[in-house]
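Printed here is structure_24.pdb (PDB, C-alpha atoms and all ligand atoms):
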ATOM      1  CA  MET A   1      95.142 107.836 130.999  1.00  0.00           C
ATOM      2  CA  LYS A   2      95.061 111.084 129.035  1.00  0.00           C
ATOM      3  CA  ILE A   3      93.826 111.340 125.458  1.00  0.00           C
ATOM      4  CA  PHE A   4      94.245 114.595 123.550  1.00  0.00           C
ATOM      5  CA  LEU A   5      91.241 115.306 121.336  1.00  0.00           C
ATOM      6  CA  ALA A   6      92.071 118.064 118.856  1.00  0.00           C
ATOM      7  CA  ASP A   7      88.552 118.989 117.804  1.00  0.00           C
ATOM      8  CA  THR A   8      84.847 118.181 118.066  1.00  0.00           C
ATOM      9  CA  GLU A   9      85.179 115.468 115.430  1.00  0.00           C
ATOM     10  CA  ALA A  10      87.862 113.727 117.505  1.00  0.00           C
ATOM     11  CA  THR A  11      85.595 113.763 120.566  1.00  0.00           C
ATOM     12  CA  LEU A  12      82.771 112.292 118.493  1.00  0.00           C
ATOM     13  CA  ARG A  13      85.055 109.598 117.089  1.00  0.00           C
ATOM     14  CA  LEU A  14      86.213 108.569 120.578  1.00  0.00           C
ATOM     15  CA  GLY A  15      82.566 108.403 121.645  1.00  0.00           C
ATOM     16  CA  ILE A  16      81.679 106.236 118.664  1.00  0.00           C
ATOM     17  CA  THR A  17      84.545 103.845 119.445  1.00  0.00           C
ATOM     18  CA  LEU A  18      83.446 103.674 123.085  1.00  0.00           C
ATOM     19  CA  GLY A  19      79.812 103.138 122.124  1.00  0.00           C
ATOM     20  CA  GLU A  20      80.716 100.305 119.783  1.00  0.00           C
ATOM     21  CA  SER A  21      82.607  98.514 122.537  1.00  0.00           C
ATOM     22  CA  LEU A  22      80.021  98.787 125.323  1.00  0.00           C
ATOM     23  CA  THR A  23      78.335  95.699 126.658  1.00  0.00           C
ATOM     24  CA  PRO A  24      74.839  95.588 128.232  1.00  0.00           C
ATOM     25  CA  GLY A  25      74.841  97.063 131.734  1.00  0.00           C
ATOM     26  CA  SER A  26      77.876  99.262 131.102  1.00  0.00           C
ATOM     27  CA  VAL A  27      77.932 102.510 133.073  1.00  0.00           C
ATOM     28  CA  ILE A  28      80.041 105.519 132.106  1.00  0.00           C
ATOM     29  CA  LEU A  29      80.359 108.511 134.432  1.00  0.00           C
ATOM     30  CA  LEU A  30      81.396 111.809 132.891  1.00  0.00           C
ATOM     31  CA  GLU A  31      82.942 114.630 134.867  1.00  0.00           C
ATOM     32  CA  GLY A  32      84.110 117.838 133.271  1.00  0.00           C
ATOM     33  CA  ASP A  33      83.876 121.621 133.317  1.00  0.00           C
ATOM     34  CA  LEU A  34      81.200 123.547 131.472  1.00  0.00           C
ATOM     35  CA  GLY A  35      81.826 123.042 127.762  1.00  0.00           C
ATOM     36  CA  ALA A  36      84.390 120.298 128.274  1.00  0.00           C
ATOM     37  CA  GLY A  37      82.791 118.119 125.602  1.00  0.00           C
ATOM     38  CA  LYS A  38      80.629 115.751 127.671  1.00  0.00           C
ATOM     39  CA  THR A  39      77.543 116.040 125.477  1.00  0.00           C
ATOM     40  CA  THR A  40      79.639 115.675 122.314  1.00  0.00           C
ATOM     41  CA  LEU A  41      81.173 112.488 123.698  1.00  0.00           C
ATOM     42  CA  VAL A  42      77.749 111.124 124.635  1.00  0.00           C
ATOM     43  CA  GLN A  43      76.428 111.885 121.155  1.00  0.00           C
ATOM     44  CA  GLY A  44      79.287 109.820 119.765  1.00  0.00           C
ATOM     45  CA  ILE A  45      78.600 107.014 122.239  1.00  0.00           C
ATOM     46  CA  GLY A  46      74.961 106.995 121.135  1.00  0.00           C
ATOM     47  CA  LYS A  47      76.014 106.803 117.519  1.00  0.00           C
ATOM     48  CA  GLY A  48      78.363 103.922 118.310  1.00  0.00           C
ATOM     49  CA  LEU A  49      75.481 102.141 120.021  1.00  0.00           C
ATOM     50  CA  GLY A  50      73.358 102.628 116.917  1.00  0.00           C
ATOM     51  CA  ILE A  51      71.031 105.230 118.428  1.00  0.00           C
ATOM     52  CA  THR A  52      69.849 107.633 115.738  1.00  0.00           C
ATOM     53  CA  GLU A  53      67.848 110.079 117.877  1.00  0.00           C
ATOM     54  CA  LEU A  54      69.445 113.242 119.270  1.00  0.00           C
ATOM     55  CA  LEU A  55      70.931 112.689 122.725  1.00  0.00           C
ATOM     56  CA  SER A  56      71.273 115.245 125.480  1.00  0.00           C
ATOM     57  CA  VAL A  57      72.768 114.963 128.939  1.00  0.00           C
ATOM     58  CA  PRO A  58      70.715 115.745 132.028  1.00  0.00           C
ATOM     59  CA  LEU A  59      72.455 117.667 134.783  1.00  0.00           C
ATOM     60  CA  LEU A  60      72.989 115.677 137.959  1.00  0.00           C
ATOM     61  CA  HIS A  61      73.496 117.517 141.214  1.00  0.00           C
TER
HETATM   62  N1  LIG A 101      88.014 118.013 121.440  1.00  0.00           N
HETATM   63  C1  LIG A 101      87.415 119.191 121.241  1.00  0.00           C
HETATM   64  N2  LIG A 101      88.114 120.285 120.901  1.00  0.00           N
HETATM   65  C2  LIG A 101      87.523 121.494 120.713  1.00  0.00           C
HETATM   66  N3  LIG A 101      86.190 121.716 120.862  1.00  0.00           N
HETATM   67  C3  LIG A 101      85.441 120.636 121.197  1.00  0.00           C
HETATM   68  C4  LIG A 101      85.992 119.353 121.409  1.00  0.00           C
HETATM   69  N4  LIG A 101      84.989 118.491 121.744  1.00  0.00           N
HETATM   70  C5  LIG A 101      83.864 119.222 121.740  1.00  0.00           C
HETATM   71  N5  LIG A 101      84.111 120.510 121.412  1.00  0.00           N
HETATM   72  C6  LIG A 101      83.168 121.635 121.311  1.00  0.00           C
HETATM   73  O1  LIG A 101      83.086 122.237 122.587  1.00  0.00           O
HETATM   74  C7  LIG A 101      81.784 122.774 122.788  1.00  0.00           C
HETATM   75  C8  LIG A 101      81.208 122.260 124.099  1.00  0.00           C
HETATM   76  O2  LIG A 101      80.984 120.864 123.973  1.00  0.00           O
HETATM   77  P1  LIG A 101      79.813 120.130 124.760  1.00  0.00           P
HETATM   78  O3  LIG A 101      78.535 120.866 124.593  1.00  0.00           O
HETATM   79  O4  LIG A 101      79.858 118.706 124.332  1.00  0.00           O
HETATM   80  O5  LIG A 101      80.329 120.268 126.255  1.00  0.00           O
HETATM   81  P2  LIG A 101      79.595 119.890 127.606  1.00  0.00           P
HETATM   82  O6  LIG A 101      80.659 119.375 128.506  1.00  0.00           O
HETATM   83  O7  LIG A 101      78.425 119.006 127.333  1.00  0.00           O
HETATM   84  O8  LIG A 101      79.104 121.319 128.106  1.00  0.00           O
HETATM   85  P3  LIG A 101      78.029 121.638 129.259  1.00  0.00           P
HETATM   86  O9  LIG A 101      78.745 121.423 130.562  1.00  0.00           O
HETATM   87  O10 LIG A 101      77.724 123.098 129.038  1.00  0.00           O
HETATM   88  O11 LIG A 101      76.848 120.744 129.043  1.00  0.00           O
HETATM   89  C9  LIG A 101      80.966 122.392 121.558  1.00  0.00           C
HETATM   90  O12 LIG A 101      80.931 123.491 120.675  1.00  0.00           O
HETATM   91  C10 LIG A 101      81.750 121.231 120.966  1.00  0.00           C
HETATM   92  O13 LIG A 101      81.559 121.144 119.575  1.00  0.00           O
HETATM   93 MG    MG A 102      76.420 119.195 127.914  1.00  0.00          MG
END
Please render this file's structure as structure tokens.
Amino acid sequence: MKIFLADTEATLRLGITLGESLTPGSVILLEGDLGAGKTTLVQGIGKGLGITELLSVPLLH
């Protein structure tokens, strides 16, 4: 599935929608180039989950 996200706000909104629909134990893997929008998406997911602190994404190698 491909979803076109026109701007940062759209990425955040998708994240919020995802976060609101997650159930306990859900795992989401993100893969994307530098600056692809991973952290933005995760910040939206956190918001959708009701997390109010700032979220960052650790690098996994
Ligand atoms: N759909 C979008 N369209 C245009 N710009 C976007 C979009 N989503 C996010 N951005 C912007 O792109 C930039 C990079 O986003 P972000 O930091 O989330 O990427 P990242 O994948 O986490 O990067 P990195 O790999 O460096 O950690 C930010 O300035 C963000 O606001
Ligand atoms: Mg990032």
Pull out every residue that the PyMOL selection byres (((not hetatm)) within 9 of (chain A and resi 101)) matches in the shown coordinates and put them as a PyMOL selection string. chain A and resi 4-12+30-43+56-59
12 Å contact set for Thr23 in chain A, only C-alpha atoms, chain neighbours under 5 positions out, as a VMD selection string: chain A and resid 18 28 48 to 49
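For the atom pair formed by CA of Gly46 in chain A and CA of Lys2 in chain A, the distance is 22.0 Å, given to one decimal.
Atom pair CA of Val27 in chain A / atom MG of ligand MG 102 (chain A) has a distance of 17.5 Å (rounded to one decimal).
Note on the selection: in this file the PyMOL selection byres (((chain A and resi 16) around 6) and not hetatm) comes out as Arg13, Leu14, Gly15, Thr17, Leu18, Gly19, Gly44, Ile45, Lys47 and Gly48 of chain A.
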Put the listed atoms of range 10-23 of chain A in a box along x, y and z with 8 Å added on every side and give me the centre and edge lengths in Å to one decimal, as AutoDock Vina command-line options.
--center_x 83.1 --center_y 104.7 --center_z 121.9 --size_x 25.5 --size_y 34.1 --size_z 25.6
Can range 32-48 of chain A be brought up to N, CA, C and O atoms and written out as a short mmCIF file (atom, residue, chain, number, x, y, z; two decimals), keeping the file's coordinate frame?
data_model
loop_
_atom_site.label_atom_id
_atom_site.label_comp_id
_atom_site.auth_asym_id
_atom_site.auth_seq_id
_atom_site.Cartn_x
_atom_site.Cartn_y
_atom_site.Cartn_z
N GLY A 32 83.34 116.86 134.02
CA GLY A 32 84.11 117.84 133.27
C GLY A 32 83.51 119.21 133.40
O GLY A 32 82.31 119.36 133.64
N ASP A 33 84.33 120.23 133.23
CA ASP A 33 83.88 121.62 133.32
C ASP A 33 82.81 121.91 132.27
O ASP A 33 82.64 121.16 131.31
N LEU A 34 82.16 123.05 132.45
CA LEU A 34 81.20 123.55 131.47
C LEU A 34 81.89 123.60 130.10
O LEU A 34 82.97 124.17 129.97
N GLY A 35 81.28 122.97 129.11
CA GLY A 35 81.83 123.04 127.76
C GLY A 35 83.01 122.13 127.52
O GLY A 35 83.73 122.28 126.53
N ALA A 36 83.22 121.18 128.41
CA ALA A 36 84.39 120.30 128.27
C ALA A 36 84.25 119.32 127.11
O ALA A 36 85.25 118.80 126.61
N GLY A 37 83.00 119.06 126.71
CA GLY A 37 82.79 118.12 125.60
C GLY A 37 82.01 116.87 126.00
O GLY A 37 81.96 115.89 125.25
N LYS A 38 81.37 116.92 127.17
CA LYS A 38 80.63 115.75 127.67
C LYS A 38 79.50 115.35 126.72
O LYS A 38 79.35 114.18 126.36
N THR A 39 78.69 116.35 126.35
CA THR A 39 77.54 116.04 125.48
C THR A 39 78.03 115.52 124.12
O THR A 39 77.46 114.57 123.57
N THR A 40 79.08 116.12 123.60
CA THR A 40 79.64 115.68 122.31
C THR A 40 80.06 114.21 122.41
O THR A 40 79.77 113.41 121.51
N LEU A 41 80.73 113.86 123.52
CA LEU A 41 81.17 112.49 123.70
C LEU A 41 79.98 111.55 123.75
O LEU A 41 79.97 110.48 123.11
N VAL A 42 78.94 111.96 124.49
CA VAL A 42 77.75 111.12 124.64
C VAL A 42 77.04 110.95 123.29
O VAL A 42 76.53 109.87 122.98
N GLN A 43 77.05 112.02 122.47
CA GLN A 43 76.43 111.88 121.16
C GLN A 43 77.18 110.86 120.30
O GLN A 43 76.59 110.10 119.56
N GLY A 44 78.50 110.84 120.46
CA GLY A 44 79.29 109.82 119.76
C GLY A 44 78.99 108.43 120.30
O GLY A 44 78.83 107.48 119.53
N ILE A 45 78.90 108.32 121.62
CA ILE A 45 78.60 107.01 122.24
C ILE A 45 77.26 106.49 121.71
O ILE A 45 77.14 105.32 121.34
N GLY A 46 76.28 107.39 121.65
CA GLY A 46 74.96 107.00 121.14
C GLY A 46 75.06 106.50 119.70
O GLY A 46 74.46 105.49 119.34
N LYS A 47 75.84 107.19 118.91
CA LYS A 47 76.01 106.80 117.52
C LYS A 47 76.66 105.41 117.44
O LYS A 47 76.24 104.56 116.67
N GLY A 48 77.68 105.21 118.28
CA GLY A 48 78.36 103.92 118.31
C GLY A 48 77.45 102.80 118.74
O GLY A 48 77.62 101.64 118.35
#
